[in-house]
Structure formats: structure tokens, C-alpha cells
Amino acid sequence: MKTSVIVFPGTNRERDVADVLAAVTGSPAQIVWHGDSEVPQSDLIVLPGGFSFGDYLRCGAMAAHSPIMRDVVAKAKAGVPVLGICNGFQILCETGLLPGILQRNASLKFICKDVWLKVENTQTQYTRRYNQGEVARMICAHGDGNYFADPSTLDRLEGDGRVVFRYCDPKGNVTAEANANGAQRNIAGIADPTGRILGMMPHPENAAEPMLGSVDGRKLFESLLAA
Amino acid sequence: MKARIRITLKNGVLDPQGKAIQNALGSLGFAGVSDVRQGKYIEIDLAATDEAAARAEVDRMCRELLANTVIEDYAFELAKP
């Protein structure tokens, strides 16, 4: 399985995700610079976390219009799975591949802590190794993770099962207290209608080794192999 | 030609930064501030001299990059130098 990780100026989690991809797939990830015009042949494209272009204007807005993204959007539309983590999720929203936007955290504070996610949909390419309703412990590190979309978009996402992860407490209760950033309906991750494009704020790549305190994120990458 | 663009949050979209500014104004002793909404102001110098063409171009800039119309409204005026 060939994977590509896109790097923008200000991206900072590309090595974390490349490490996990190499460990899970057995071959090194291809690192692709934002100024390139084409992503090499890939079975998965990852937009990693960080602060692309210094979060200028809006998080992900500049990256969404960089040269490589034209090809990422084209490949995504042609069926190549695309995973956006944290800043990558923000970029996917800015390109329009996923609906809505990530706003400033309701607390106005940068959040860096463990969070618990309820797996709401196990039919996507990224969640087949999870059980329905399973609680996965991952790590949050963001200032703008407060998911917003208009009510009709939210209803459509819910109705189509496109809400993949929700913030919950360690027992799996989806509560206001467990909502890390004020996201509407506790949304931590959403997919496109095909389940091939996933955007999520927490970092599964930072919850993929026992040394990191959780291995719950590793299954997300292993799910991609379980065709 | 100069474009002066204002980008504001749509009605109904929560503005936590506006709320924080409101709280700070209150703690400075400014009473009677009932709401604060904050936004962005952008100035762009354009080579275009035709106003209709400039208007169409700035509108496209706003829709494609400067504003995210999921949560933001934009308005602009053009001024001759």
C-alpha cells in the first residue's frame, strides 16, 4: 500500500504520521511538498496536522489553494482515500471536500490533552477495525477545532451516518463536559458520503504506540489495510 | 483602484472572540456594551481601472479565498486613487 503525506510550510506532524504509516503498511510514506503539482500514485493521501501558512486569514485557507491541492482534490474525487488530521481537517473543509468549518475553540484556549472519541460509524475505510460505539482515546492539539455547519448540513451529516467520531467521556457518554472545543453536536470527525475522505481534529497518529499512552489510533490506519 | 473589504460573521454564528472582547471592555469599566462582533478588514490595490470589472474580480476574491461563506458575510467598496 502506497501512501503520501503532504507537507505545507508550517506543517509539523508529517513525521508522526509517516512513522505510523510505515509501521502499519510496511513501506515508507512518500513526502510531498505543497509546491508540487502532482501527488505520486497513492492508495492514501494524508494531510497532516500543523499550522500551514501560519494559520493566516483562516486555518487551512492558504493551504487549500496551494498547487498540490488541485491534484489532491482531483484524486479525492477520483476515489483515492484522503485523511485530514487537525490542520488537514481544516484544509479539507476549506477546499469544500468536506462541509462546514473549524472555528476558534469556544474556550479561546489552545487545547492539548487526551480526549475520548465515540466511534459512530464503522463502515468507513478508516474505522472498520473499530466496534460500533467503541471509545477510543486520542490526543487533541488545536486552537481551532470547534466544528460548525448550518443545522440542515448537520442533520444531513447525521442522517447519512457521516459523523464518524464524537467527543465523549471515558465511558462513552456524549456530554457537553466532554466536548473538547465547543463543536456542534460534539463532532470530532466527519466523512464524505463514500467514507473515503475523513477529517478529524484529534491525532490518531499520536495514539499509536504504547509509549504514547494509547494505541487506539493505530486501528484507524490498520483499517485501511483491512479491505 | 483600491478595494476596502469587510468580512463579518453571519448572524447566528457564535463569536467567542467578540464575547471575550465584550468581557474585557466590561472589566475596563465600559458599562452598557450589550454585544461585540469582530471581523476582518482588508485593503487591496488593484491595477484594474474599469469599475465593473474590478467589482466582479473582488467579488470572486471574496468568494474563493478572503471569506468563508459558511460562516462569514463580506461587503466591499471601491475607491479611485
# chains A, B, ... in the order shown; residues from 1 in each chain; ligands from 1
>>> select_by_dssp(residues="stretch 136-221 of chain A", states="strand (DSSP E or B)", output="ChimeraX atom specification")
/A:136-142,146-148,163-168,187-191,197-200,203,209,214
>>> interface_residues(of="chain B", to="chain A", cutoff="7 Å", atoms="only C-alpha atoms", output="PDB file with all heavy atoms, in the first residue's frame")
ATOM      1  N   PRO B  16     -16.844  33.722  19.758  1.00  0.00           N
ATOM      2  CA  PRO B  16     -16.196  33.684  21.083  1.00  0.00           C
ATOM      3  C   PRO B  16     -15.184  34.820  21.277  1.00  0.00           C
ATOM      4  O   PRO B  16     -15.039  35.329  22.393  1.00  0.00           O
ATOM      5  CB  PRO B  16     -15.506  32.316  21.140  1.00  0.00           C
ATOM      6  CG  PRO B  16     -15.702  31.668  19.825  1.00  0.00           C
ATOM      7  CD  PRO B  16     -16.658  32.489  19.002  1.00  0.00           C
ATOM      8  N   LEU B  65     -11.467  33.035  -1.627  1.00  0.00           N
ATOM      9  CA  LEU B  65     -10.404  32.982  -0.624  1.00  0.00           C
ATOM     10  C   LEU B  65     -10.675  33.833   0.617  1.00  0.00           C
ATOM     11  O   LEU B  65     -10.586  33.342   1.746  1.00  0.00           O
ATOM     12  CB  LEU B  65      -9.065  33.421  -1.245  1.00  0.00           C
ATOM     13  CG  LEU B  65      -7.880  33.459  -0.277  1.00  0.00           C
ATOM     14  CD1 LEU B  65      -7.546  32.061   0.234  1.00  0.00           C
ATOM     15  CD2 LEU B  65      -6.644  34.078  -0.919  1.00  0.00           C
ATOM     16  N   VAL B  70     -19.465  29.901   4.590  1.00  0.00           N
ATOM     17  CA  VAL B  70     -20.180  29.044   5.535  1.00  0.00           C
ATOM     18  C   VAL B  70     -20.529  29.852   6.788  1.00  0.00           C
ATOM     19  O   VAL B  70     -21.616  29.714   7.352  1.00  0.00           O
ATOM     20  CB  VAL B  70     -19.333  27.812   5.922  1.00  0.00           C
ATOM     21  CG1 VAL B  70     -20.002  27.003   7.024  1.00  0.00           C
ATOM     22  CG2 VAL B  70     -19.102  26.926   4.706  1.00  0.00           C
TER      23      VAL B  70
END
>>> residues_around(residues="A:Ser4", least_positions_apart="6", cutoff="6 Å", atoms="only C-alpha atoms", output="list of chain:residue names")
A:Ala29, A:Gln30, A:Ile31, A:Ile45
>>> write_last_selection(atoms="all heavy atoms", output="PDB file, in the first residue's frame")
ATOM      1  N   ALA A  29       6.257   6.180   3.764  1.00  0.00           N
ATOM      2  CA  ALA A  29       5.334   7.131   3.138  1.00  0.00           C
ATOM      3  C   ALA A  29       6.118   8.068   2.228  1.00  0.00           C
ATOM      4  O   ALA A  29       7.276   8.382   2.500  1.00  0.00           O
ATOM      5  CB  ALA A  29       4.597   7.924   4.205  1.00  0.00           C
ATOM      6  N   GLN A  30       5.493   8.487   1.147  1.00  0.00           N
ATOM      7  CA  GLN A  30       6.098   9.474   0.257  1.00  0.00           C
ATOM      8  C   GLN A  30       5.752  10.862   0.808  1.00  0.00           C
ATOM      9  O   GLN A  30       4.595  11.150   1.072  1.00  0.00           O
ATOM     10  CB  GLN A  30       5.529   9.326  -1.158  1.00  0.00           C
ATOM     11  CG  GLN A  30       5.567   7.873  -1.646  1.00  0.00           C
ATOM     12  CD  GLN A  30       4.782   7.651  -2.930  1.00  0.00           C
ATOM     13  OE1 GLN A  30       5.354   7.674  -4.011  1.00  0.00           O
ATOM     14  NE2 GLN A  30       3.485   7.428  -2.813  1.00  0.00           N
ATOM     15  N   ILE A  31       6.796  11.673   0.993  1.00  0.00           N
ATOM     16  CA  ILE A  31       6.562  13.029   1.497  1.00  0.00           C
ATOM     17  C   ILE A  31       6.467  13.962   0.297  1.00  0.00           C
ATOM     18  O   ILE A  31       7.370  13.999  -0.545  1.00  0.00           O
ATOM     19  CB  ILE A  31       7.705  13.465   2.440  1.00  0.00           C
ATOM     20  CG1 ILE A  31       7.851  12.475   3.606  1.00  0.00           C
ATOM     21  CG2 ILE A  31       7.473  14.885   2.946  1.00  0.00           C
ATOM     22  CD1 ILE A  31       6.694  12.427   4.572  1.00  0.00           C
ATOM     23  N   ILE A  45      -3.833   9.444   0.721  1.00  0.00           N
ATOM     24  CA  ILE A  45      -3.168  10.744   0.854  1.00  0.00           C
ATOM     25  C   ILE A  45      -3.514  11.295   2.224  1.00  0.00           C
ATOM     26  O   ILE A  45      -4.689  11.307   2.616  1.00  0.00           O
ATOM     27  CB  ILE A  45      -3.642  11.727  -0.246  1.00  0.00           C
ATOM     28  CG1 ILE A  45      -3.322  11.169  -1.637  1.00  0.00           C
ATOM     29  CG2 ILE A  45      -3.008  13.101  -0.051  1.00  0.00           C
ATOM     30  CD1 ILE A  45      -3.947  11.963  -2.780  1.00  0.00           C
TER      31      ILE A  45
END
>>> residues_around(residues="stretch 18-22 of chain A", least_positions_apart="6", cutoff="8 Å", atoms="only C-alpha atoms", output="ChimeraX atom specification")
/A:3,5,28-29,205,208,218,221
>>> select_by_dssp(residues="chain B", states="alpha helix (DSSP H)", output="PDB file with N, CA and C atoms, in the first residue's frame")
ATOM      1  N   PRO B  16     -16.844  33.722  19.758  1.00  0.00           N
ATOM      2  CA  PRO B  16     -16.196  33.684  21.083  1.00  0.00           C
ATOM      3  C   PRO B  16     -15.184  34.820  21.277  1.00  0.00           C
ATOM      4  N   GLN B  17     -14.531  35.238  20.179  1.00  0.00           N
ATOM      5  CA  GLN B  17     -13.591  36.355  20.315  1.00  0.00           C
ATOM      6  C   GLN B  17     -14.342  37.651  20.636  1.00  0.00           C
ATOM      7  N   GLY B  18     -15.475  37.855  19.980  1.00  0.00           N
ATOM      8  CA  GLY B  18     -16.301  39.023  20.281  1.00  0.00           C
ATOM      9  C   GLY B  18     -16.731  39.029  21.740  1.00  0.00           C
ATOM     10  N   LYS B  19     -17.119  37.841  22.229  1.00  0.00           N
ATOM     11  CA  LYS B  19     -17.532  37.714  23.635  1.00  0.00           C
ATOM     12  C   LYS B  19     -16.373  38.079  24.570  1.00  0.00           C
ATOM     13  N   ALA B  20     -15.179  37.610  24.227  1.00  0.00           N
ATOM     14  CA  ALA B  20     -14.010  37.901  25.071  1.00  0.00           C
ATOM     15  C   ALA B  20     -13.718  39.398  25.081  1.00  0.00           C
ATOM     16  N   ILE B  21     -13.878  40.049  23.915  1.00  0.00           N
ATOM     17  CA  ILE B  21     -13.666  41.493  23.844  1.00  0.00           C
ATOM     18  C   ILE B  21     -14.711  42.216  24.694  1.00  0.00           C
ATOM     19  N   GLN B  22     -15.950  41.727  24.607  1.00  0.00           N
ATOM     20  CA  GLN B  22     -17.032  42.322  25.404  1.00  0.00           C
ATOM     21  C   GLN B  22     -16.709  42.224  26.899  1.00  0.00           C
ATOM     22  N   ASN B  23     -16.244  41.058  27.318  1.00  0.00           N
ATOM     23  CA  ASN B  23     -15.891  40.868  28.731  1.00  0.00           C
ATOM     24  C   ASN B  23     -14.751  41.792  29.136  1.00  0.00           C
ATOM     25  N   ALA B  24     -13.758  41.945  28.244  1.00  0.00           N
ATOM     26  CA  ALA B  24     -12.613  42.799  28.564  1.00  0.00           C
ATOM     27  C   ALA B  24     -13.049  44.261  28.684  1.00  0.00           C
ATOM     28  N   LEU B  25     -13.966  44.683  27.784  1.00  0.00           N
ATOM     29  CA  LEU B  25     -14.475  46.057  27.866  1.00  0.00           C
ATOM     30  C   LEU B  25     -15.200  46.262  29.194  1.00  0.00           C
ATOM     31  N   GLY B  26     -15.968  45.236  29.587  1.00  0.00           N
ATOM     32  CA  GLY B  26     -16.687  45.324  30.872  1.00  0.00           C
ATOM     33  C   GLY B  26     -15.715  45.466  32.033  1.00  0.00           C
ATOM     34  N   SER B  27     -14.618  44.705  31.984  1.00  0.00           N
ATOM     35  CA  SER B  27     -13.683  44.745  33.108  1.00  0.00           C
ATOM     36  C   SER B  27     -12.875  46.037  33.111  1.00  0.00           C
ATOM     37  N   GLU B  51     -14.497  49.893 -13.358  1.00  0.00           N
ATOM     38  CA  GLU B  51     -15.102  49.609 -12.062  1.00  0.00           C
ATOM     39  C   GLU B  51     -15.898  48.301 -12.058  1.00  0.00           C
ATOM     40  N   ALA B  52     -16.644  48.061 -13.136  1.00  0.00           N
ATOM     41  CA  ALA B  52     -17.458  46.842 -13.186  1.00  0.00           C
ATOM     42  C   ALA B  52     -16.565  45.602 -13.160  1.00  0.00           C
ATOM     43  N   ALA B  53     -15.460  45.661 -13.907  1.00  0.00           N
ATOM     44  CA  ALA B  53     -14.544  44.517 -13.931  1.00  0.00           C
ATOM     45  C   ALA B  53     -13.902  44.327 -12.563  1.00  0.00           C
ATOM     46  N   ALA B  54     -13.520  45.439 -11.926  1.00  0.00           N
ATOM     47  CA  ALA B  54     -12.903  45.358 -10.600  1.00  0.00           C
ATOM     48  C   ALA B  54     -13.881  44.770  -9.593  1.00  0.00           C
ATOM     49  N   ARG B  55     -15.129  45.213  -9.692  1.00  0.00           N
ATOM     50  CA  ARG B  55     -16.164  44.717  -8.766  1.00  0.00           C
ATOM     51  C   ARG B  55     -16.327  43.203  -8.902  1.00  0.00           C
ATOM     52  N   ALA B  56     -16.381  42.734 -10.134  1.00  0.00           N
ATOM     53  CA  ALA B  56     -16.544  41.293 -10.376  1.00  0.00           C
ATOM     54  C   ALA B  56     -15.336  40.520  -9.839  1.00  0.00           C
ATOM     55  N   GLU B  57     -14.152  41.120 -10.039  1.00  0.00           N
ATOM     56  CA  GLU B  57     -12.943  40.421  -9.602  1.00  0.00           C
ATOM     57  C   GLU B  57     -12.849  40.345  -8.078  1.00  0.00           C
ATOM     58  N   VAL B  58     -13.146  41.461  -7.417  1.00  0.00           N
ATOM     59  CA  VAL B  58     -13.085  41.467  -5.945  1.00  0.00           C
ATOM     60  C   VAL B  58     -14.137  40.517  -5.368  1.00  0.00           C
ATOM     61  N   ASP B  59     -15.287  40.477  -5.992  1.00  0.00           N
ATOM     62  CA  ASP B  59     -16.331  39.575  -5.530  1.00  0.00           C
ATOM     63  C   ASP B  59     -15.843  38.124  -5.591  1.00  0.00           C
ATOM     64  N   ARG B  60     -15.154  37.811  -6.680  1.00  0.00           N
ATOM     65  CA  ARG B  60     -14.631  36.443  -6.828  1.00  0.00           C
ATOM     66  C   ARG B  60     -13.524  36.177  -5.795  1.00  0.00           C
ATOM     67  N   MET B  61     -12.675  37.180  -5.533  1.00  0.00           N
ATOM     68  CA  MET B  61     -11.635  37.032  -4.497  1.00  0.00           C
ATOM     69  C   MET B  61     -12.273  36.709  -3.147  1.00  0.00           C
TER      70      MET B  61
END
>>> closest_residue(among="A:Asn131, A:Asn181, A:Ser152, A:Gln123", to="A:Ile111", atoms="only C-alpha atoms")
A:Asn181
